[in-house]
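Visitor: Got a structure for you, questions after.
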Amino acid sequence: MSILSYTFFQNALLGSLLASILCGLIGTYIVARRLVFISGGITHASFGGIGIGVYLGFSPILSAAVFSVLSACGIQWFSHRRDMREDSAIAIFWTLGMSIGIICSFLAPGFTPELSGNILTVTPSDLYLLGTLALIAIVVFTCFLRPLVSMAFDAEFARSQRLPVITVEYLMMDFIALTIVACLRMVGIVLVISLLTIPQVTANIFTHSFKRMALLSIVTGYSGCLGGLYLSYHYNIPSGASIIFVSILIYLVCKGISWSIIRWRRQ
């Protein structure tokens, strides 16, 4: 019997596609806006939300979403205050989430799968969440691409054009938090930030256009997911780690091709 006939593998393929679309769009904004460190802080802060959910006996993904959104808003608020640096605000929420998660892991052990992730355990509810967020992201980036690009590359210019920069920043931070939580089951807390950066860095080798970078990120992200699933299935290794490993291999291959083209042109 073919592996494609199994429901869990079909869910994994669909989840990979939806996550690639979502992370391709949101990740391009993160890389362009240079929010990778902030995104890493939100990712690790979500560990506290998962721990609270398990300890209190309700959905860890729901509690992680709430905790991550609050952490994102907290980081954004503290970052705009004159008495605190942005990296200090990130460190506070990063360590707060991790400490709460560790405490809850001792009080109610049993939520380690989200640390490493397993895309083969993606459920229909995970697919609904990913699909909803991906659809919203497509609509937002289609309708408001120019303002988002303006804010991503030059926030001061956007303010001079009377664009609602602060409001959009809070909304995008919340969107980043929800994207991170939606992808937790795929690759886990440790590796989820890679889905939001590696495909974008790979795409950036070939283009500096925001739009083309987002589209290439989706393609490279999905290619990494498919390659990772193949390795995971044939060699019985963790799917989350294999997806990121293949994504990095794709980056190295693309970087090598780029260097070769540059050398050939110079000759």
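Ordering of the structure tokens sets the chain letters (A, B, ...), residue numbers begin anew at 1 in every chain, and ligands are numbered from 1 in the order given.
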Could you write out, as number ranges by chain, all the residues of stretch 48-257 of chain A that DSSP marks as helix (DSSP H, G or I)?
Guide: A: 48-56, 60-79, 86-107, 113-116, 119-121, 124-143, 145-153, 155-160, 165-182, 184-195, 198-204, 210-235, 239-257
Visitor: Quick one: residues within 9 Å of A:Ser68, only C-alpha atoms, excluding same-chain residues fewer than 2 positions away - as a ChimeraX atom specification?
Guide: /A:42-49,63-66,70-73,97,174,177-178,180-181
Visitor: Just give me the gap between atom CA of A:Leu35 and atom CA of A:Ile193 in Å, one decimal is fine.
Guide: 10.9 Å
Visitor: Taking only residues of stretch 138-208 of chain A that have an atom at most 12 Å from an atom of stretch 243-249 of chain A, what is each one's shortest atom pair and its distance in Å to one decimal, using only C-alpha atoms, in chain and number order, as a tab-separated table?
Guide:
```
residue	atom	partner	partner_atom	distance
A:Met186	CA	A:Ile243	CA	9.2
A:Val187	CA	A:Ile243	CA	7.8
A:Gly188	CA	A:Ile244	CA	11.0
A:Val190	CA	A:Ile244	CA	10.8
A:Leu191	CA	A:Ile244	CA	7.4
A:Val192	CA	A:Ile244	CA	8.9
A:Ile193	CA	A:Ile244	CA	10.0
A:Ser194	CA	A:Ile244	CA	6.8
A:Leu195	CA	A:Ile244	CA	7.4
A:Leu196	CA	A:Ile244	CA	10.9
A:Thr197	CA	A:Ser247	CA	10.2
A:Ile198	CA	A:Ser247	CA	6.8
A:Pro199	CA	A:Ser247	CA	7.0
A:Gln200	CA	A:Ser247	CA	10.6
A:Val201	CA	A:Ile248	CA	10.0
A:Thr202	CA	A:Ile248	CA	8.7
A:Ala203	CA	A:Ser247	CA	11.5
```
Visitor: Any idea what's packed within 9 Å of stretch 134-147 of chain A, counting only C-alpha atoms, ignoring anything in its chain fewer than 6 positions away? Could you give it as a PyMOL selection string?
Guide: chain A and resi 18-23+25-26+158+163+175+179+211
Visitor: Could those selected residues go to a file with N, CA and C atoms, as a CSV table (one decimal), in the first residue's frame?
Guide:
```
chain,number,residue,atom,x,y,z
A,18,LEU,N,0.1,24.5,3.5
A,18,LEU,CA,-0.5,25.6,4.2
A,18,LEU,C,0.5,26.4,5.0
A,19,ALA,N,1.4,25.6,5.7
A,19,ALA,CA,2.4,26.2,6.5
A,19,ALA,C,3.4,27.0,5.6
A,20,SER,N,3.7,26.4,4.4
A,20,SER,CA,4.7,27.1,3.5
A,20,SER,C,4.1,28.4,3.0
A,21,ILE,N,2.8,28.4,2.7
A,21,ILE,CA,2.2,29.6,2.3
A,21,ILE,C,2.2,30.7,3.4
A,22,LEU,N,1.8,30.3,4.6
A,22,LEU,CA,1.7,31.2,5.7
A,22,LEU,C,3.1,31.7,6.1
A,23,CYS,N,4.0,30.8,6.3
A,23,CYS,CA,5.4,31.2,6.7
A,23,CYS,C,6.1,32.0,5.6
A,25,LEU,N,4.8,34.1,3.5
A,25,LEU,CA,4.3,35.5,3.6
A,25,LEU,C,4.8,36.2,4.9
A,26,ILE,N,4.5,35.6,6.0
A,26,ILE,CA,4.8,36.3,7.3
A,26,ILE,C,6.3,36.3,7.5
A,158,ALA,N,7.0,55.7,6.2
A,158,ALA,CA,5.6,55.3,6.3
A,158,ALA,C,4.9,56.3,7.3
A,163,LEU,N,0.7,56.8,7.5
A,163,LEU,CA,0.3,55.4,7.6
A,163,LEU,C,0.2,55.0,9.1
A,175,PHE,N,0.0,38.6,14.4
A,175,PHE,CA,0.0,37.6,13.3
A,175,PHE,C,1.2,36.7,13.4
A,179,THR,N,1.1,32.6,13.9
A,179,THR,CA,1.8,31.8,12.9
A,179,THR,C,2.7,30.8,13.6
A,211,LYS,N,7.8,41.0,-3.2
A,211,LYS,CA,6.8,40.1,-3.7
A,211,LYS,C,7.4,38.8,-4.2
```
Visitor: For A:Gly74, find every residue with an atom within 10 Å (counting only C-alpha atoms), except residues of its own chain fewer than 4 positions away, and show them as an NGL selection string.
Guide: :A and (68-70 or 78-79 or 89-90 or 92-93 or 170)
Visitor: Using only N, CA and C atoms, please write the residues we just selected to a file, as a PDB file, in the first residue's frame.
Guide:
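Writing the result to result18.pdb gives the following:
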```
ATOM      1  N   SER A  68       1.298  33.736  23.571  1.00  0.00           N
ATOM      2  CA  SER A  68       2.198  34.285  22.555  1.00  0.00           C
ATOM      3  C   SER A  68       1.754  35.665  22.090  1.00  0.00           C
ATOM      4  N   VAL A  69       0.453  35.842  21.899  1.00  0.00           N
ATOM      5  CA  VAL A  69      -0.072  37.144  21.484  1.00  0.00           C
ATOM      6  C   VAL A  69       0.190  38.189  22.566  1.00  0.00           C
ATOM      7  N   LEU A  70      -0.050  37.829  23.819  1.00  0.00           N
ATOM      8  CA  LEU A  70       0.217  38.760  24.923  1.00  0.00           C
ATOM      9  C   LEU A  70       1.712  39.087  25.010  1.00  0.00           C
ATOM     10  N   PHE A  78       6.962  47.407  25.335  1.00  0.00           N
ATOM     11  CA  PHE A  78       8.201  47.742  26.043  1.00  0.00           C
ATOM     12  C   PHE A  78       9.248  48.319  25.085  1.00  0.00           C
ATOM     13  N   SER A  79       9.252  47.829  23.835  1.00  0.00           N
ATOM     14  CA  SER A  79      10.256  48.283  22.871  1.00  0.00           C
ATOM     15  C   SER A  79      10.099  49.755  22.520  1.00  0.00           C
ATOM     16  N   ALA A  89      13.577  43.679  26.451  1.00  0.00           N
ATOM     17  CA  ALA A  89      12.174  43.278  26.492  1.00  0.00           C
ATOM     18  C   ALA A  89      12.000  41.859  25.968  1.00  0.00           C
ATOM     19  N   ILE A  90      12.721  41.539  24.893  1.00  0.00           N
ATOM     20  CA  ILE A  90      12.657  40.180  24.335  1.00  0.00           C
ATOM     21  C   ILE A  90      13.156  39.169  25.356  1.00  0.00           C
ATOM     22  N   ILE A  92      13.157  39.342  28.589  1.00  0.00           N
ATOM     23  CA  ILE A  92      12.216  39.186  29.701  1.00  0.00           C
ATOM     24  C   ILE A  92      11.121  38.190  29.345  1.00  0.00           C
ATOM     25  N   PHE A  93      10.485  38.377  28.192  1.00  0.00           N
ATOM     26  CA  PHE A  93       9.371  37.498  27.821  1.00  0.00           C
ATOM     27  C   PHE A  93       9.866  36.115  27.398  1.00  0.00           C
ATOM     28  N   TYR A 170       1.569  46.317  15.760  1.00  0.00           N
ATOM     29  CA  TYR A 170       0.929  45.454  16.756  1.00  0.00           C
ATOM     30  C   TYR A 170       0.178  44.306  16.088  1.00  0.00           C
TER      31      TYR A 170
END
```
Visitor: Looking at A:Thr121, A:Ala12, A:Gly57, A:Gly27, which one is nearest to A:Tyr230, with distances taken over only C-alpha atoms?
Guide: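 Among the listed residues, the smallest separation from A:Tyr230 belongs to A:Ala12.
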Visitor: Tell me which of A:Ser260, A:Gly228, A:Phe153, A:Arg265 sits closest to A:Ala32, counting only C-alpha atoms.
Guide: A:Phe153
Visitor: Excluding A:Asn11 and residues on its chain fewer than 3 positions from it, collect all residues at most 10 Å away from it, counting only C-alpha atoms, and give them as a list in words.
Guide: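 What passes the distance filter is Leu4, Tyr6, Thr7, Phe8, Leu14, Gly15, Ser16, Leu17, Ile119, Leu120, Thr121, Val122, Thr123, Pro124, Asp126 and Leu127 of chain A.
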Visitor: Restrict the selected residues to N, CA and C atoms and save them as a compact mmCIF listing (two decimals), in the first residue's frame.
Guide:
```txt
# COMPACT_ATOMS: atom_id res chain seq x y z
N LEU A 4 0.94 7.38 0.42
CA LEU A 4 0.00 8.47 0.14
C LEU A 4 -1.44 8.10 0.46
N TYR A 6 -2.43 6.85 3.24
CA TYR A 6 -2.67 7.02 4.67
C TYR A 6 -3.13 8.46 4.97
N THR A 7 -4.13 8.57 5.82
CA THR A 7 -4.69 9.88 6.13
C THR A 7 -3.67 10.78 6.81
N PHE A 8 -2.87 10.23 7.71
CA PHE A 8 -1.90 11.06 8.45
C PHE A 8 -0.87 11.67 7.50
N LEU A 14 -0.73 18.31 3.20
CA LEU A 14 -1.57 19.51 3.17
C LEU A 14 -1.08 20.53 4.19
N GLY A 15 -0.73 20.04 5.38
CA GLY A 15 -0.20 20.94 6.41
C GLY A 15 1.08 21.62 5.97
N SER A 16 1.94 20.88 5.27
CA SER A 16 3.19 21.45 4.76
C SER A 16 2.91 22.57 3.77
N LEU A 17 1.94 22.36 2.88
CA LEU A 17 1.60 23.37 1.89
C LEU A 17 1.05 24.63 2.54
N ILE A 119 5.33 16.47 12.20
CA ILE A 119 4.32 16.87 11.22
C ILE A 119 3.34 15.74 10.92
N LEU A 120 3.75 14.50 11.19
CA LEU A 120 2.88 13.35 10.94
C LEU A 120 1.75 13.26 11.96
N THR A 121 1.79 14.08 13.01
CA THR A 121 0.72 14.08 14.01
C THR A 121 -0.24 15.26 13.81
N VAL A 122 -0.11 15.97 12.68
CA VAL A 122 -0.99 17.10 12.41
C VAL A 122 -2.44 16.62 12.32
N THR A 123 -3.33 17.33 13.02
CA THR A 123 -4.74 16.95 13.09
C THR A 123 -5.58 17.86 12.18
N PRO A 124 -6.83 17.47 11.90
CA PRO A 124 -7.71 18.34 11.11
C PRO A 124 -7.88 19.73 11.71
N ASP A 126 -5.61 21.36 13.36
CA ASP A 126 -4.39 22.08 13.00
C ASP A 126 -4.47 22.59 11.56
N LEU A 127 -5.03 21.76 10.67
CA LEU A 127 -5.16 22.16 9.27
C LEU A 127 -6.13 23.32 9.13
```
Visitor: Just the number, please: distance in Å from atom CA of A:Gln76 to atom CA of A:Glu169, one decimal.
Guide: 8.0 Å
Visitor: In Å, how far is it from atom CA of A:Leu133 to atom CA of A:Ile38?
Guide: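 It comes out at 20.0 Å.
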Visitor: Restricting the calculation to only C-alpha atoms, which member of A:Ala241, A:Ile30, A:Val54, A:Leu62 is positioned closest to A:Ile176?
Guide: A:Ile30
Visitor: Neighbouring residues of A:Ala152 were defined as those with any atom within 9 Å, considering only C-alpha atoms; residues of the same chain fewer than 2 positions away were excluded. Please report them as a PDB file with N, CA, C and O atoms, in the first residue's frame.
Guide:
```
ATOM      1  N   TYR A  29       8.027  39.228   5.706  1.00  0.00           N
ATOM      2  CA  TYR A  29       7.887  40.463   6.490  1.00  0.00           C
ATOM      3  C   TYR A  29       8.883  40.469   7.652  1.00  0.00           C
ATOM      4  O   TYR A  29       9.507  41.497   7.939  1.00  0.00           O
ATOM      5  N   ILE A  30       9.051  39.324   8.313  1.00  0.00           N
ATOM      6  CA  ILE A  30       9.968  39.234   9.448  1.00  0.00           C
ATOM      7  C   ILE A  30      11.399  39.543   9.016  1.00  0.00           C
ATOM      8  O   ILE A  30      12.113  40.323   9.659  1.00  0.00           O
ATOM      9  N   VAL A  31      11.824  38.927   7.911  1.00  0.00           N
ATOM     10  CA  VAL A  31      13.199  39.130   7.440  1.00  0.00           C
ATOM     11  C   VAL A  31      13.399  40.563   6.958  1.00  0.00           C
ATOM     12  O   VAL A  31      14.412  41.202   7.265  1.00  0.00           O
ATOM     13  N   ALA A  32      12.424  41.089   6.204  1.00  0.00           N
ATOM     14  CA  ALA A  32      12.538  42.457   5.695  1.00  0.00           C
ATOM     15  C   ALA A  32      12.539  43.475   6.830  1.00  0.00           C
ATOM     16  O   ALA A  32      13.261  44.475   6.791  1.00  0.00           O
ATOM     17  N   ARG A  33      11.742  43.215   7.862  1.00  0.00           N
ATOM     18  CA  ARG A  33      11.617  44.140   9.001  1.00  0.00           C
ATOM     19  C   ARG A  33      12.682  43.876  10.059  1.00  0.00           C
ATOM     20  O   ARG A  33      12.771  44.605  11.033  1.00  0.00           O
ATOM     21  N   ARG A  34      13.479  42.814   9.861  1.00  0.00           N
ATOM     22  CA  ARG A  34      14.534  42.427  10.799  1.00  0.00           C
ATOM     23  C   ARG A  34      13.959  42.130  12.180  1.00  0.00           C
ATOM     24  O   ARG A  34      14.420  42.668  13.202  1.00  0.00           O
ATOM     25  N   PRO A 147       1.591  49.304   1.494  1.00  0.00           N
ATOM     26  CA  PRO A 147       1.830  49.836   2.843  1.00  0.00           C
ATOM     27  C   PRO A 147       2.718  48.933   3.697  1.00  0.00           C
ATOM     28  O   PRO A 147       3.572  49.434   4.440  1.00  0.00           O
ATOM     29  N   LEU A 148       2.537  47.620   3.582  1.00  0.00           N
ATOM     30  CA  LEU A 148       3.351  46.696   4.362  1.00  0.00           C
ATOM     31  C   LEU A 148       4.814  46.763   3.941  1.00  0.00           C
ATOM     32  O   LEU A 148       5.716  46.751   4.788  1.00  0.00           O
ATOM     33  N   VAL A 149       5.053  46.829   2.634  1.00  0.00           N
ATOM     34  CA  VAL A 149       6.427  46.936   2.141  1.00  0.00           C
ATOM     35  C   VAL A 149       7.050  48.247   2.604  1.00  0.00           C
ATOM     36  O   VAL A 149       8.212  48.296   3.023  1.00  0.00           O
ATOM     37  N   SER A 150       6.282  49.323   2.547  1.00  0.00           N
ATOM     38  CA  SER A 150       6.771  50.630   2.991  1.00  0.00           C
ATOM     39  C   SER A 150       7.156  50.602   4.462  1.00  0.00           C
ATOM     40  O   SER A 150       8.216  51.111   4.855  1.00  0.00           O
ATOM     41  N   ASP A 154      11.036  50.988   5.530  1.00  0.00           N
ATOM     42  CA  ASP A 154      11.303  52.353   6.007  1.00  0.00           C
ATOM     43  C   ASP A 154      10.110  52.849   6.815  1.00  0.00           C
ATOM     44  O   ASP A 154       9.201  53.489   6.288  1.00  0.00           O
ATOM     45  N   ALA A 155      10.127  52.547   8.107  1.00  0.00           N
ATOM     46  CA  ALA A 155       9.005  52.907   8.974  1.00  0.00           C
ATOM     47  C   ALA A 155       8.861  54.423   9.102  1.00  0.00           C
ATOM     48  O   ALA A 155       7.733  54.940   9.204  1.00  0.00           O
TER      49      ALA A 155
END
```
